[in-house]
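Peer 1: So that you have it, the file is upload.csv, and it contains CSV, C-alpha atoms:
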```
chain,number,residue,atom,x,y,z
F,1,LYS,CA,105.7,-176.3,240.5
F,2,ALA,CA,104.1,-179.0,242.7
F,3,GLY,CA,100.6,-178.2,243.8
F,4,VAL,CA,99.2,-178.1,247.3
F,5,THR,CA,99.5,-181.5,249.0
F,6,GLN,CA,97.4,-182.8,251.8
F,7,THR,CA,98.0,-185.8,254.0
F,8,PRO,CA,96.5,-188.2,254.6
F,9,ARG,CA,93.9,-188.4,251.8
F,10,TYR,CA,91.5,-190.5,253.8
F,11,LEU,CA,90.9,-191.0,257.5
F,12,ILE,CA,88.5,-193.0,259.6
F,13,LYS,CA,88.2,-192.2,263.3
F,14,THR,CA,85.7,-192.8,266.0
F,15,ARG,CA,83.8,-190.4,268.1
F,16,GLY,CA,85.8,-188.8,270.9
F,17,GLN,CA,89.2,-189.3,269.2
F,18,GLN,CA,91.3,-186.5,267.9
F,19,VAL,CA,92.8,-186.0,264.4
F,20,THR,CA,95.6,-184.0,262.8
F,21,LEU,CA,95.6,-183.1,259.1
F,22,SER,CA,98.5,-181.8,257.2
F,23,CYS,CA,98.9,-179.3,254.4
F,24,SER,CA,102.0,-178.4,252.4
F,25,PRO,CA,101.5,-175.2,250.3
F,26,ILE,CA,102.9,-174.4,247.0
F,27,SER,CA,106.6,-173.5,247.3
F,28,GLY,CA,106.8,-169.8,248.1
F,29,HIS,CA,103.3,-169.4,249.3
F,30,ARG,CA,103.0,-168.1,252.8
F,31,SER,CA,99.3,-168.1,253.4
F,32,VAL,CA,97.3,-171.3,254.2
F,33,SER,CA,93.6,-171.4,254.6
F,34,TRP,CA,91.4,-174.4,255.7
F,35,TYR,CA,87.9,-175.1,254.6
F,36,GLN,CA,85.4,-177.8,255.6
F,37,GLN,CA,83.1,-179.2,252.9
F,38,THR,CA,79.9,-181.1,253.8
F,39,PRO,CA,76.8,-181.9,251.7
F,40,GLY,CA,74.6,-180.0,254.1
F,41,GLN,CA,76.7,-176.9,254.7
F,42,GLY,CA,78.8,-176.7,251.6
F,43,LEU,CA,82.2,-175.1,251.8
F,44,GLN,CA,82.9,-173.2,255.1
F,45,PHE,CA,86.0,-171.3,256.1
F,46,LEU,CA,87.8,-172.6,259.1
F,47,PHE,CA,90.9,-170.4,259.5
F,48,GLU,CA,93.8,-168.8,257.8
F,49,TYR,CA,97.5,-168.8,258.7
F,50,PHE,CA,100.1,-166.4,257.5
F,51,SER,CA,103.6,-166.1,258.8
F,52,GLU,CA,102.8,-168.7,261.5
F,53,THR,CA,100.0,-166.5,262.9
F,54,GLN,CA,96.3,-167.2,262.7
F,55,ARG,CA,94.9,-164.2,260.8
F,56,ASN,CA,91.3,-165.0,260.6
F,57,LYS,CA,88.9,-167.6,262.0
F,58,GLY,CA,85.6,-168.9,260.9
F,59,ASN,CA,82.6,-169.8,263.0
F,60,PHE,CA,83.7,-173.2,264.3
F,61,PRO,CA,84.0,-174.4,267.9
F,62,GLY,CA,87.3,-174.4,269.8
F,63,ARG,CA,87.7,-178.1,269.1
F,64,PHE,CA,89.1,-177.0,265.7
F,65,SER,CA,92.5,-175.6,265.9
F,66,GLY,CA,95.5,-175.2,263.6
F,67,ARG,CA,99.0,-174.0,263.4
F,68,GLN,CA,101.6,-173.1,260.8
F,69,PHE,CA,105.3,-173.8,260.8
F,70,SER,CA,108.2,-171.7,259.6
F,71,ASN,CA,108.3,-173.5,256.3
F,72,SER,CA,104.6,-172.5,255.8
F,73,ARG,CA,103.3,-176.0,256.2
F,74,SER,CA,100.2,-176.1,258.2
F,75,GLU,CA,98.3,-178.6,260.4
F,76,MET,CA,94.8,-178.6,261.6
F,77,ASN,CA,93.6,-180.5,264.6
F,78,VAL,CA,90.1,-181.6,265.6
F,79,SER,CA,89.7,-182.8,269.2
F,80,THR,CA,86.9,-184.8,270.6
F,81,LEU,CA,85.5,-185.8,267.2
F,82,GLU,CA,81.8,-185.8,266.6
F,83,LEU,CA,79.8,-187.5,263.9
F,84,GLY,CA,79.1,-184.1,262.3
F,85,ASP,CA,82.8,-183.6,261.8
F,86,SER,CA,82.7,-186.1,258.9
F,87,ALA,CA,83.7,-184.0,255.9
F,88,LEU,CA,86.2,-183.2,253.2
F,89,TYR,CA,88.8,-180.8,254.6
F,90,LEU,CA,90.4,-178.6,252.0
F,91,CYS,CA,93.5,-176.6,252.3
F,92,ALA,CA,94.3,-173.7,250.0
F,93,SER,CA,97.5,-171.7,249.7
F,94,SER,CA,98.3,-168.3,248.3
F,95,LEU,CA,101.3,-166.1,248.0
F,96,THR,CA,100.1,-163.8,250.8
F,97,TRP,CA,96.9,-163.0,252.5
F,98,GLY,CA,94.0,-161.1,251.1
F,99,ALA,CA,91.6,-163.0,248.9
F,100,VAL,CA,90.9,-160.1,246.6
F,101,TYR,CA,94.3,-160.0,244.9
F,102,ASN,CA,95.8,-163.4,245.7
F,103,GLU,CA,94.6,-166.5,244.0
F,104,GLN,CA,94.1,-169.4,246.3
F,105,PHE,CA,95.2,-172.8,245.1
F,106,PHE,CA,93.3,-175.7,246.6
F,107,GLY,CA,94.6,-179.1,247.6
F,108,PRO,CA,92.8,-182.4,246.9
F,109,GLY,CA,91.4,-182.6,250.4
F,110,THR,CA,91.4,-185.0,253.2
F,111,ARG,CA,88.2,-187.1,253.6
F,112,LEU,CA,87.5,-187.6,257.3
F,113,THR,CA,84.9,-190.1,258.4
F,114,VAL,CA,83.9,-190.2,262.0
F,115,LEU,CA,82.2,-193.4,263.2
X,1,ALA,CA,76.4,-161.3,257.6
X,2,GLN,CA,77.7,-162.5,254.3
X,3,ARG,CA,75.7,-165.0,252.3
X,4,VAL,CA,76.0,-166.4,248.8
X,5,THR,CA,73.1,-168.1,247.2
X,6,GLN,CA,73.1,-170.3,244.1
X,7,PRO,CA,69.5,-171.2,243.5
X,8,GLU,CA,70.1,-174.0,241.0
X,9,LYS,CA,71.7,-177.2,242.3
X,10,LEU,CA,71.6,-178.8,238.8
X,11,LEU,CA,71.6,-177.2,235.4
X,12,SER,CA,71.6,-179.0,232.0
X,13,VAL,CA,72.0,-177.3,228.7
X,14,PHE,CA,72.7,-178.6,225.2
X,15,LYS,CA,76.0,-178.0,223.5
X,16,GLY,CA,76.1,-174.7,221.7
X,17,ALA,CA,73.3,-173.2,223.8
X,18,PRO,CA,73.8,-170.3,226.1
X,19,VAL,CA,74.4,-170.9,229.8
X,20,GLU,CA,73.8,-168.8,232.8
X,21,LEU,CA,74.6,-169.9,236.3
X,22,LYS,CA,73.0,-167.7,238.9
X,23,CYS,CA,74.6,-166.2,242.0
X,24,ASN,CA,73.1,-163.8,244.4
X,25,TYR,CA,74.8,-162.4,247.5
X,26,SER,CA,74.0,-160.5,250.6
X,27,TYR,CA,76.6,-158.3,252.2
X,28,SER,CA,76.4,-154.8,253.6
X,29,GLY,CA,79.7,-153.6,252.4
X,30,SER,CA,81.4,-153.7,249.0
X,31,PRO,CA,82.2,-157.3,248.2
X,32,GLU,CA,84.6,-159.0,245.8
X,33,LEU,CA,83.1,-161.9,243.9
X,34,PHE,CA,84.6,-165.0,242.4
X,35,TRP,CA,83.7,-168.0,240.5
X,36,TYR,CA,85.4,-171.3,241.2
X,37,VAL,CA,85.1,-174.5,239.2
X,38,GLN,CA,85.7,-178.1,239.9
X,39,TYR,CA,86.0,-180.5,237.0
X,40,SER,CA,85.5,-184.2,237.5
X,41,ARG,CA,88.4,-185.7,239.5
X,42,GLN,CA,90.2,-182.4,239.6
X,43,ARG,CA,90.7,-179.8,242.3
X,44,LEU,CA,88.7,-176.7,243.0
X,45,GLN,CA,90.2,-173.9,241.0
X,46,LEU,CA,89.6,-170.2,240.3
X,47,LEU,CA,87.7,-169.5,237.1
X,48,LEU,CA,87.4,-165.8,237.3
X,49,ARG,CA,87.1,-162.9,239.7
X,50,HIS,CA,85.2,-159.7,239.3
X,51,ILE,CA,88.2,-157.4,240.1
X,52,SER,CA,90.1,-158.7,237.0
X,53,ARG,CA,87.2,-158.0,234.6
X,54,GLU,CA,88.3,-161.0,232.6
X,55,SER,CA,86.8,-163.6,230.4
X,56,ILE,CA,88.1,-167.1,231.0
X,57,LYS,CA,87.2,-170.0,228.7
X,58,GLY,CA,84.5,-167.9,227.2
X,59,PHE,CA,82.9,-167.2,230.6
X,60,THR,CA,82.1,-163.8,231.9
X,61,ALA,CA,80.4,-162.5,235.0
X,62,ASP,CA,79.0,-159.1,235.7
X,63,LEU,CA,78.6,-157.7,239.2
X,64,ASN,CA,75.1,-156.1,239.5
X,65,LYS,CA,75.1,-154.2,242.8
X,66,GLY,CA,71.5,-153.2,242.5
X,67,GLU,CA,70.4,-156.8,242.2
X,68,THR,CA,73.2,-158.1,244.3
X,69,SER,CA,74.0,-160.7,241.7
X,70,PHE,CA,77.1,-162.0,239.9
X,71,HIS,CA,75.8,-164.4,237.3
X,72,LEU,CA,78.2,-166.5,235.2
X,73,LYS,CA,77.5,-166.6,231.5
X,74,LYS,CA,78.7,-168.2,228.4
X,75,PRO,CA,77.2,-167.7,225.0
X,76,PHE,CA,77.9,-171.2,223.6
X,77,ALA,CA,78.3,-174.1,226.0
X,78,GLN,CA,80.9,-176.8,225.3
X,79,GLU,CA,80.9,-180.4,226.7
X,80,GLU,CA,84.1,-179.6,228.6
X,81,ASP,CA,82.2,-177.0,230.6
X,82,SER,CA,80.5,-179.8,232.5
X,83,ALA,CA,81.6,-179.3,236.1
X,84,MET,CA,80.6,-178.0,239.5
X,85,TYR,CA,80.6,-174.2,239.8
X,86,TYR,CA,80.8,-172.3,243.0
X,87,CYS,CA,80.2,-168.6,243.5
X,88,ALA,CA,82.3,-167.0,246.3
X,89,LEU,CA,82.5,-163.7,248.1
X,90,SER,CA,85.3,-162.0,249.9
X,91,ASP,CA,84.4,-159.3,252.4
X,92,GLN,CA,87.7,-157.5,251.7
X,93,THR,CA,88.9,-157.6,255.3
X,94,GLY,CA,92.3,-158.5,253.9
X,95,ALA,CA,91.9,-162.1,254.9
X,96,ASN,CA,91.7,-165.1,252.6
X,97,ASN,CA,88.3,-166.3,253.9
X,98,LEU,CA,85.9,-166.9,251.1
X,99,PHE,CA,82.2,-167.4,251.6
X,100,PHE,CA,81.0,-170.0,249.1
X,101,GLY,CA,77.6,-170.8,247.6
X,102,THR,CA,76.4,-174.4,247.6
X,103,GLY,CA,77.3,-174.8,244.0
X,104,THR,CA,75.6,-175.6,240.7
X,105,ARG,CA,76.4,-178.8,238.8
X,106,LEU,CA,76.4,-177.9,235.1
X,107,THR,CA,75.9,-180.7,232.5
X,108,VAL,CA,76.4,-179.9,228.9
X,109,ILE,CA,74.5,-182.4,226.8
X,110,PRO,CA,76.2,-183.3,223.5
```
Show how you would write the structure in this file as structure tokens.
Peer 2:
Amino acid sequence: KAGVTQTPRYLIKTRGQQVTLSCSPISGHRSVSWYQQTPGQGLQFLFEYFSETQRNKGNFPGRFSGRQFSNSRSEMNVSTLELGDSALYLCASSLTWGAVYNEQFFGPGTRLTVL
Amino acid sequence: AQRVTQPEKLLSVFKGAPVELKCNYSYSGSPELFWYVQYSRQRLQLLLRHISRESIKGFTADLNKGETSFHLKKPFAQEEDSAMYYCALSDQTGANNLFFGTGTRLTVIP
């Protein structure tokens, strides 16, 4: 089985721009979660989508949004980029939702640099 | 609020020595705890979870609710254990949001 794929792998943007990141889950997986990883804050949960619905959201401003398509692929969007948004954005997929019983498989991440 | 603390950013041990990576948590409910590992140039992956009571690659972790700890242990470290280790907590809301510690980089010296 192919693993979780994320595109693009690297992005450079300037402040004020917006960006869209894409995540394709493992075939058959219906839940997609997004995390932000920075040296200062570590790994932080952004949101989770299951069956095209946002099921849970972390403590991030409204500039961060996402969606999930009927094929379970997910996108996240960050509008009005700030320097502090520079981070590695990780996507994780699992068969269904509920971290306790469903292993999450992580993608390689998208490295976003905001200049 | 949920919080996971890994007090050691770096940990070095000699091959064959015991290793213990510390993890403490704060959560008012009954959490589920996980250890994730990231080997060099590989993806973050699940190592073990408390609910499975399993031993993976010789690693075990015991949940101590009194001390709110979930330390990861291995009696004899191997060079291939060198990696970044993250402790994570789920608050069992049914969602997939994990709260991660800041990680410990383990180096096993040959």
Peer 1: Between CA of Ser27 (chain F) and CA of Phe60 (chain F), what distance in Å does the model show, to one decimal?
Peer 2: 28.5 Å
Peer 1: Wanna dump the chain X-chain F contacts at 8 Å for me, each residue with its shortest atom pair and the distance in Å to one decimal, counting only C-alpha atoms, ordered by chain and number, as a tab-separated table?
Peer 2:
```
residue	atom	partner	partner_atom	distance
X:Glu32	CA	F:Val100	CA	6.4
X:Gln42	CA	F:Pro108	CA	7.7
X:Arg43	CA	F:Pro108	CA	5.7
X:Leu44	CA	F:Phe106	CA	5.9
X:Gln45	CA	F:Phe105	CA	6.6
X:Leu46	CA	F:Glu103	CA	7.2
X:Ile51	CA	F:Val100	CA	7.5
X:Ser90	CA	F:Ala99	CA	6.5
X:Gln92	CA	F:Val100	CA	6.6
X:Thr93	CA	F:Gly98	CA	7.5
X:Gly94	CA	F:Gly98	CA	4.2
X:Ala95	CA	F:Gly98	CA	4.5
X:Asn96	CA	F:Ala99	CA	4.3
X:Asn97	CA	F:Phe45	CA	5.9
X:Leu98	CA	F:Phe45	CA	6.7
X:Phe99	CA	F:Gln44	CA	6.8
X:Phe100	CA	F:Leu43	CA	5.9
X:Gly101	CA	F:Gly42	CA	7.2
X:Thr102	CA	F:Gly42	CA	5.2
X:Gly103	CA	F:Gly42	CA	8.0
```
Peer 1: Please report as JSON lines every residue of region 84-104 of chain X lying within 8 Å of region 19-28 of chain X, along with the nearest atom pair and their distance in Å (one decimal), using all atoms listed in the file.
Peer 2:
```
{"residue": "X:Cys87", "atom": "CA", "partner": "X:Cys23", "partner_atom": "CA", "distance": 6.3}
{"residue": "X:Leu89", "atom": "CA", "partner": "X:Tyr25", "partner_atom": "CA", "distance": 7.8}
{"residue": "X:Asp91", "atom": "CA", "partner": "X:Tyr27", "partner_atom": "CA", "distance": 7.9}
{"residue": "X:Gly101", "atom": "CA", "partner": "X:Cys23", "partner_atom": "CA", "distance": 7.8}
{"residue": "X:Thr104", "atom": "CA", "partner": "X:Leu21", "partner_atom": "CA", "distance": 7.3}
```
Peer 1: As a PDB file with C-alpha atoms, in the coordinates of the input, please: the residues near Lys65 (chain X) (cut-off 10 Å, only C-alpha atoms, same-chain neighbours under 2 positions excluded).
Peer 2:
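Saved to result_25.pdb:
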```
ATOM      1  CA  ASN X  24      73.100-163.800 244.400  1.00  0.00           C
ATOM      2  CA  TYR X  25      74.800-162.400 247.500  1.00  0.00           C
ATOM      3  CA  SER X  30      81.400-153.700 249.000  1.00  0.00           C
ATOM      4  CA  PRO X  31      82.200-157.300 248.200  1.00  0.00           C
ATOM      5  CA  ASP X  62      79.000-159.100 235.700  1.00  0.00           C
ATOM      6  CA  LEU X  63      78.600-157.700 239.200  1.00  0.00           C
ATOM      7  CA  GLU X  67      70.400-156.800 242.200  1.00  0.00           C
ATOM      8  CA  THR X  68      73.200-158.100 244.300  1.00  0.00           C
ATOM      9  CA  SER X  69      74.000-160.700 241.700  1.00  0.00           C
ATOM     10  CA  PHE X  70      77.100-162.000 239.900  1.00  0.00           C
TER      11      PHE X  70
END
```
Peer 1: Point out the residue among F:Asn59, F:Ser24, F:Gln17, F:Gln36 with the least atom-to-atom distance to Val78 (chain F), counting all atoms listed in the file.
Peer 2: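 Between F:Asn59, F:Ser24, F:Gln17, F:Gln36, the residue approaching Val78 (chain F) most closely is F:Gln17.
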Peer 1: In Å to one decimal, how far is CA of Arg15 (chain F) from CA of Thr80 (chain F)?
Peer 2: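 Computing it gives 6.9 Å between the two atoms.
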Peer 1: So how far away is CA of Phe76 (chain X) from CA of Leu11 (chain X), in Å?
Peer 2: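 Distance between the two atoms: 14.7 Å.
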Peer 1: Would you mind listing what lies within 6 Å of Ser86 (chain F) as a ChimeraX atom specification, with only C-alpha atoms counted and same-chain residues fewer than 3 positions away left out?
Peer 2: /F:83,112-114
Peer 1: Could you take the residues named above and write them with C-alpha atoms, as a JSON list (two decimals), in the coordinates of the input?
Peer 2:
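That gives us again20.json:
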```json
[["chain", "number", "residue", "atom", "x", "y", "z"],
["F", 83, "LEU", "CA", 79.80, -187.50, 263.90],
["F", 112, "LEU", "CA", 87.50, -187.60, 257.30],
["F", 113, "THR", "CA", 84.90, -190.10, 258.40],
["F", 114, "VAL", "CA", 83.90, -190.20, 262.00]]
```
Peer 1: May I have the residues within 8 Å of Ala17 (chain X) as a VMD selection string, using only C-alpha atoms and disregarding those fewer than 2 positions away in the same chain?
Peer 2: chain X and resid 13 to 15 19 75 to 77
Peer 1: Measuring between all atoms listed in the file, which one of F:Gly66, F:Gly3, F:Gly84, F:Pro25 shows the shortest distance to Glu52 (chain F)?
Peer 2: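 The answer is F:Gly66, which sits nearest to Glu52 (chain F).
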Peer 1: Hey, what's within 10 Å of Ser40 (chain X) if we count all atoms listed in the file and toss same-chain stuff fewer than 4 positions away? As a short mmCIF file (atom, residue, chain, number, x, y, z; two decimals) with C-alpha atoms, in the coordinates of the input, please?
Peer 2:
```
data_model
loop_
_atom_site.label_atom_id
_atom_site.label_comp_id
_atom_site.auth_asym_id
_atom_site.auth_seq_id
_atom_site.Cartn_x
_atom_site.Cartn_y
_atom_site.Cartn_z
CA LEU X 44 88.70 -176.70 243.00
CA SER X 82 80.50 -179.80 232.50
CA ALA X 83 81.60 -179.30 236.10
CA MET X 84 80.60 -178.00 239.50
#
```
Peer 1: I need the residue nearest Asp81 (chain X) from this list: X:Phe34, X:Gly16, X:Ser55, X:Leu48. Use only C-alpha atoms for the distance.
Peer 2: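 Smallest distance to Asp81 (chain X) is found for X:Gly16.
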Peer 1: From the structure block, carefully write region 75-87 of chain X out with all heavy atoms; format it as an mmCIF file, in the first residue's frame.
Peer 2:
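Writing done, so here's part_2.cif:
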```
data_model
loop_
_atom_site.group_PDB
_atom_site.id
_atom_site.type_symbol
_atom_site.label_atom_id
_atom_site.label_comp_id
_atom_site.auth_asym_id
_atom_site.auth_seq_id
_atom_site.Cartn_x
_atom_site.Cartn_y
_atom_site.Cartn_z
ATOM 1 N N PRO X 75 15.799 -2.452 28.026
ATOM 2 C CA PRO X 75 16.894 -2.904 28.885
ATOM 3 C C PRO X 75 18.274 -2.828 28.241
ATOM 4 O O PRO X 75 19.257 -2.573 28.932
ATOM 5 C CB PRO X 75 16.507 -4.349 29.212
ATOM 6 C CG PRO X 75 15.533 -4.750 28.167
ATOM 7 C CD PRO X 75 14.845 -3.511 27.711
ATOM 8 N N PHE X 76 18.332 -3.021 26.930
ATOM 9 C CA PHE X 76 19.636 -3.025 26.254
ATOM 10 C C PHE X 76 19.530 -2.222 24.956
ATOM 11 O O PHE X 76 18.942 -2.691 23.979
ATOM 12 C CB PHE X 76 20.085 -4.458 25.944
ATOM 13 C CG PHE X 76 20.069 -5.369 27.137
ATOM 14 C CD1 PHE X 76 19.056 -6.304 27.298
ATOM 15 C CD2 PHE X 76 21.054 -5.290 28.109
ATOM 16 C CE1 PHE X 76 19.028 -7.141 28.406
ATOM 17 C CE2 PHE X 76 21.043 -6.120 29.217
ATOM 18 C CZ PHE X 76 20.021 -7.046 29.372
ATOM 19 N N ALA X 77 20.075 -1.031 24.949
ATOM 20 C CA ALA X 77 19.955 -0.164 23.778
ATOM 21 C C ALA X 77 20.786 -0.690 22.611
ATOM 22 O O ALA X 77 21.881 -1.233 22.794
ATOM 23 C CB ALA X 77 20.414 1.240 24.136
ATOM 24 N N GLN X 78 20.251 -0.508 21.411
ATOM 25 C CA GLN X 78 20.932 -0.869 20.175
ATOM 26 C C GLN X 78 21.173 0.392 19.348
ATOM 27 O O GLN X 78 20.448 1.384 19.478
ATOM 28 C CB GLN X 78 20.086 -1.859 19.372
ATOM 29 C CG GLN X 78 19.734 -3.128 20.122
ATOM 30 C CD GLN X 78 20.970 -3.919 20.513
ATOM 31 O OE1 GLN X 78 21.879 -4.106 19.701
ATOM 32 N NE2 GLN X 78 21.015 -4.387 21.748
ATOM 33 N N GLU X 79 22.181 0.331 18.475
ATOM 34 C CA GLU X 79 22.503 1.507 17.662
ATOM 35 C C GLU X 79 21.306 1.943 16.832
ATOM 36 O O GLU X 79 21.084 3.133 16.622
ATOM 37 C CB GLU X 79 23.695 1.206 16.759
ATOM 38 C CG GLU X 79 25.013 1.113 17.496
ATOM 39 C CD GLU X 79 26.153 0.801 16.559
ATOM 40 O OE1 GLU X 79 26.449 1.647 15.703
ATOM 41 O OE2 GLU X 79 26.742 -0.283 16.682
ATOM 42 N N GLU X 80 20.529 0.986 16.354
ATOM 43 C CA GLU X 80 19.380 1.322 15.508
ATOM 44 C C GLU X 80 18.250 1.990 16.280
ATOM 45 O O GLU X 80 17.260 2.418 15.685
ATOM 46 C CB GLU X 80 18.853 0.070 14.793
ATOM 47 C CG GLU X 80 18.488 -1.078 15.707
ATOM 48 C CD GLU X 80 19.622 -2.080 15.871
ATOM 49 O OE1 GLU X 80 20.801 -1.675 15.780
ATOM 50 O OE2 GLU X 80 19.313 -3.266 16.094
ATOM 51 N N ASP X 81 18.388 2.097 17.596
ATOM 52 C CA ASP X 81 17.383 2.803 18.387
ATOM 53 C C ASP X 81 17.591 4.313 18.351
ATOM 54 O O ASP X 81 16.734 5.068 18.815
ATOM 55 C CB ASP X 81 17.436 2.336 19.851
ATOM 56 C CG ASP X 81 17.073 0.875 20.007
ATOM 57 O OD1 ASP X 81 16.265 0.360 19.202
ATOM 58 O OD2 ASP X 81 17.617 0.229 20.934
ATOM 59 N N SER X 82 18.712 4.753 17.811
ATOM 60 C CA SER X 82 18.964 6.192 17.715
ATOM 61 C C SER X 82 17.881 6.835 16.862
ATOM 62 O O SER X 82 17.674 6.451 15.697
ATOM 63 C CB SER X 82 20.344 6.446 17.088
ATOM 64 O OG SER X 82 21.369 5.977 17.920
ATOM 65 N N ALA X 83 17.189 7.801 17.439
ATOM 66 C CA ALA X 83 16.045 8.413 16.762
ATOM 67 C C ALA X 83 15.490 9.522 17.651
ATOM 68 O O ALA X 83 15.948 9.743 18.770
ATOM 69 C CB ALA X 83 14.950 7.375 16.489
ATOM 70 N N MET X 84 14.453 10.172 17.124
ATOM 71 C CA MET X 84 13.698 11.164 17.886
ATOM 72 C C MET X 84 12.450 10.475 18.413
ATOM 73 O O MET X 84 11.724 9.826 17.638
ATOM 74 C CB MET X 84 13.326 12.324 16.970
ATOM 75 C CG MET X 84 12.816 13.550 17.682
ATOM 76 S SD MET X 84 14.164 14.413 18.491
ATOM 77 C CE MET X 84 13.266 15.828 19.125
ATOM 78 N N TYR X 85 12.201 10.600 19.695
ATOM 79 C CA TYR X 85 11.060 9.948 20.319
ATOM 80 C C TYR X 85 10.093 10.994 20.871
ATOM 81 O O TYR X 85 10.493 11.921 21.578
ATOM 82 C CB TYR X 85 11.527 9.029 21.452
ATOM 83 C CG TYR X 85 12.286 7.819 20.968
ATOM 84 C CD1 TYR X 85 13.628 7.915 20.638
ATOM 85 C CD2 TYR X 85 11.650 6.586 20.824
ATOM 86 C CE1 TYR X 85 14.330 6.814 20.162
ATOM 87 C CE2 TYR X 85 12.346 5.474 20.362
ATOM 88 C CZ TYR X 85 13.685 5.594 20.038
ATOM 89 O OH TYR X 85 14.376 4.503 19.574
ATOM 90 N N TYR X 86 8.813 10.811 20.553
ATOM 91 C CA TYR X 86 7.778 11.727 21.014
ATOM 92 C C TYR X 86 6.747 10.965 21.836
ATOM 93 O O TYR X 86 6.236 9.929 21.401
ATOM 94 C CB TYR X 86 7.051 12.379 19.842
ATOM 95 C CG TYR X 86 7.891 13.287 18.992
ATOM 96 C CD1 TYR X 86 8.538 12.794 17.865
ATOM 97 C CD2 TYR X 86 8.034 14.634 19.304
ATOM 98 C CE1 TYR X 86 9.306 13.626 17.071
ATOM 99 C CE2 TYR X 86 8.800 15.478 18.518
ATOM 100 C CZ TYR X 86 9.440 14.960 17.398
ATOM 101 O OH TYR X 86 10.201 15.783 16.610
ATOM 102 N N CYS X 87 6.432 11.510 22.979
ATOM 103 C CA CYS X 87 5.333 11.001 23.789
ATOM 104 C C CYS X 87 4.077 11.789 23.401
ATOM 105 O O CYS X 87 4.159 12.998 23.145
ATOM 106 C CB CYS X 87 5.666 11.191 25.264
ATOM 107 S SG CYS X 87 4.440 10.574 26.416
#
```
